[in-house]
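Asker: Take a look at this one; I'll ask things after.
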Amino acid sequence: MMIENQFYALQARYEELLTASEQNDVVTDIQLFRRIQKELNELSPKVDAWKRYQQLEASIQQAKDMRGDPDLGDMAEEELKELLPLKEEMQHQLKLLLIPRDPDDDRNVVIEVRPGAGGDEAALFAGLLVRMYQRYAERNKMRFESVSLTDTELGGVKEAVFTLSGNDAFSRLKFESGVHRIQRVPVTEAGGRIHTSTATVAVLPEAEDVEVNIDPADVRIDTYRASGHGGQYINRTDSAVRLTHMPTGLVVTCQDEKSQLKNKEKAFKVLKSRLYDLYRREKEAAYAENRRAQVGTGERNERIRTYNFPQGRVTDHRVNLTLYKIDAVMDGELNEIIDALALNEQEEKLRRLDENM
């Protein structure tokens with residue numbers, strides 16, 4: 001009964017928005033019109049499913065009424081045998097549609113990768129993770145754009161910040177947040193011993209301009225000459241940009257572009273996303289505590305996933321999933337892992353929904 005009440009309310013809201021979207025004062029207000037259309041698009045599949053369920057219930061009731069008919073009774077019984085399992089299946093689908101969707105799921109993402117425990121090997125592992133996400137973007141028709149990359153002499157990564165743009169990027173990649181652990185014989189190991197190292201990954205929803213307003217007076221902008229192994233131009237001009245958001249202390253650097261203006265634009269994009277993430281998390285707890293909850297301290301025992309090269313396996317500890325195809329995973333084939341994590345999240349939300357009914 002509670003499910004029916006919720007869908008009646010959703011249908012009423014849909015019809016209210018549909019009427020509002022046709023009003024002249026709404027049509028001329030672009031921002032309001034877009035918000036209404038977005039909510040209509042979100043409600044539409046739910047209302048359509050509810051209408052199909054109501055039609056199914058009407059068909060079931062009609063078949064029940066016909067069971068006493070001497071001529072049509074047998075046909076009605078056969079129809080009920082087909083319709084009743086469909087009703088049970090549709091009730092489950094309706095429950096799934098009531099699961100609250102993360103409002104950030106359809107956003108692009110900003111990903112930050114940093115080495116954790118393990119010295120040079122951790123930095124090399126961080127570099128492998130950056131390449132893994134780059135290959136994932138290519139495989140899934142997402143746009144990978146580097147914002148800031150600080151590398152090491154051995155080819156590892158001290159810090160990498162980049163964006164991935166595409167359909168439902170955050171809904172897929174949010175599961176990558178946490179400590180990733182690698183077990184292998186490092187190239188720097190002469191004795192052939194297996195080492196364990198870590199890297200941290202933070203996935204932030206990219207903020208839109210209309211959502212995060214930054215007072216220019218709150219941001220200190222410093223320019224300097226880029227450094228690293230990226231090309232001859234980087235040490236000749238003051239193209240690198242560092243932004244410091246003084247109210248929060250957040251610092252963003254960008255040196256990947258030759259143009260200071262482009263570096264500044266990228267840096268502001270990341271700063272807005274970090275501020276959006278900060279405000280988003282402050283609703284539940286202090287930012288520092290949530291940050292630690294996401295990536296921990298980088299210690300070896302704080303891991304969401306292990307990449308074991310000697311055994312050729314990747315294990316995601318949150319869903320106890322082990323795949324013996326480490327080369328494919330490191331080459332960006334992450335969808336099997338992400339699908340399992342998404343299904344686990346859905347089941348957990350469904351369980352909580354049932355508890356509240």
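Labels used: A, B, ... for chains in the order of the structure tokens, numbers from 1 for residues in each chain, and numbers from 1 for ligands as shown.
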Leaving out region 64-67 of chain A and any residue of its chain fewer than 3 positions from it, which residues lie within 8 Å of it when counting only C-alpha atoms, given as a list in words?
Answerer: Ile60, Gln61, Pro70, Leu72, Gly73, Asp74, Ala76, Glu77 and Leu80 of chain A
Asker: What's around Ile111 (chain A) at 8 Å? Count only C-alpha atoms, leave out sequence neighbours fewer than 3 positions away in its own chain, and write the answer as a ChimeraX atom specification.
Answerer: /A:161-164,201-204
Asker: Name the closest residue to Val110 (chain A) among the candidates A:Gly249, A:Gly192, A:Pro216, A:Gly166; distances are taken between atoms, counting only C-alpha atoms.
Answerer: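 Nearest candidate to Val110 (chain A) out of A:Gly249, A:Gly192, A:Pro216, A:Gly166: A:Gly166.
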Asker: Taking into account only C-alpha atoms, which residue in the set A:Ser59, A:Thr152, A:Gln255, A:Thr28 is nearest to Thr223 (chain A)?
Answerer: A:Gln255
Asker: So that I can check the secondary structure, give me every residue of region 7-236 of chain A assigned alpha helix (DSSP H) by backbone DSSP, as a PyMOL selection string.
Answerer: chain A and resi 7-20+24-27+30-66+73-98+120-139+169-173
Asker: Tell me, as an MDAnalysis selection string, which residues lie within 8 Å of region 305-318 of chain A, counting only C-alpha atoms; anything in the same chain fewer than 6 positions away does not count.
Answerer: chainID A and resid 179:185 324:327 329 337 341
Asker: Give me the residues within 10 Å of Leu40 (chain A) as a ChimeraX atom specification, counting only C-alpha atoms and dropping any in the same chain fewer than 2 places off.
Answerer: /A:13-18,21,34-38,42-45,47
Asker: Could you give me the residues within region 210-274 of chain A that DSSP places in strand (DSSP E), as a PyMOL selection string?
Answerer: chain A and resi 219-224+240-245+250-254
Asker: For Glu336 (chain A), which of A:Asn356, A:Asp215, A:Tyr136, A:Tyr224 is the closest residue, counting only C-alpha atoms?
Answerer: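 Checking each of A:Asn356, A:Asp215, A:Tyr136, A:Tyr224 against Glu336 (chain A), counting only C-alpha atoms, the winner is A:Tyr136.
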Asker: Counting only C-alpha atoms, figure out which residue out of A:Asn41, A:Asn108, A:Gln91, A:Ser165 gets nearest to Ile3 (chain A).
Answerer: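 Going through A:Asn41, A:Asn108, A:Gln91, A:Ser165 one by one, the smallest distance to Ile3 (chain A) is for A:Gln91.
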Asker: Using only C-alpha atoms, which of A:Met2, A:Ala226, A:Leu275, A:Leu173 sits nearest Cys254 (chain A)?
Answerer: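 Ranked by minimum distance to Cys254 (chain A), first place goes to A:Ala226.
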Asker: Between A:Pro247, A:Lys349, A:Ser259, A:Asp120, which has the minimum distance to Val219 (chain A) (counting only C-alpha atoms)?
Answerer: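 Smallest separation from Val219 (chain A) among the options: A:Pro247.
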Asker: Do you have the CA of Glu4 (chain A)-CA of Leu84 (chain A) distance handy?
Answerer: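 Between CA of Glu4 (chain A) and CA of Leu84 (chain A) the gap is 17.3 Å.
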Asker: May I have the residues within 12 Å of Ser148 (chain A) as a VMD selection string, using only C-alpha atoms and disregarding those fewer than 3 positions away in the same chain?
Answerer: chain A and resid 110 to 114 130 145 151 157 to 163 226 to 228 230 240 to 242 252 to 257 263 to 264 266 to 267 269 to 270
Asker: For a test of reading the model, state the distance in Å between CA of Asp354 (chain A) and CA of Ala49 (chain A), rounded to one decimal.
Answerer: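 So the answer is 19.3 Å.
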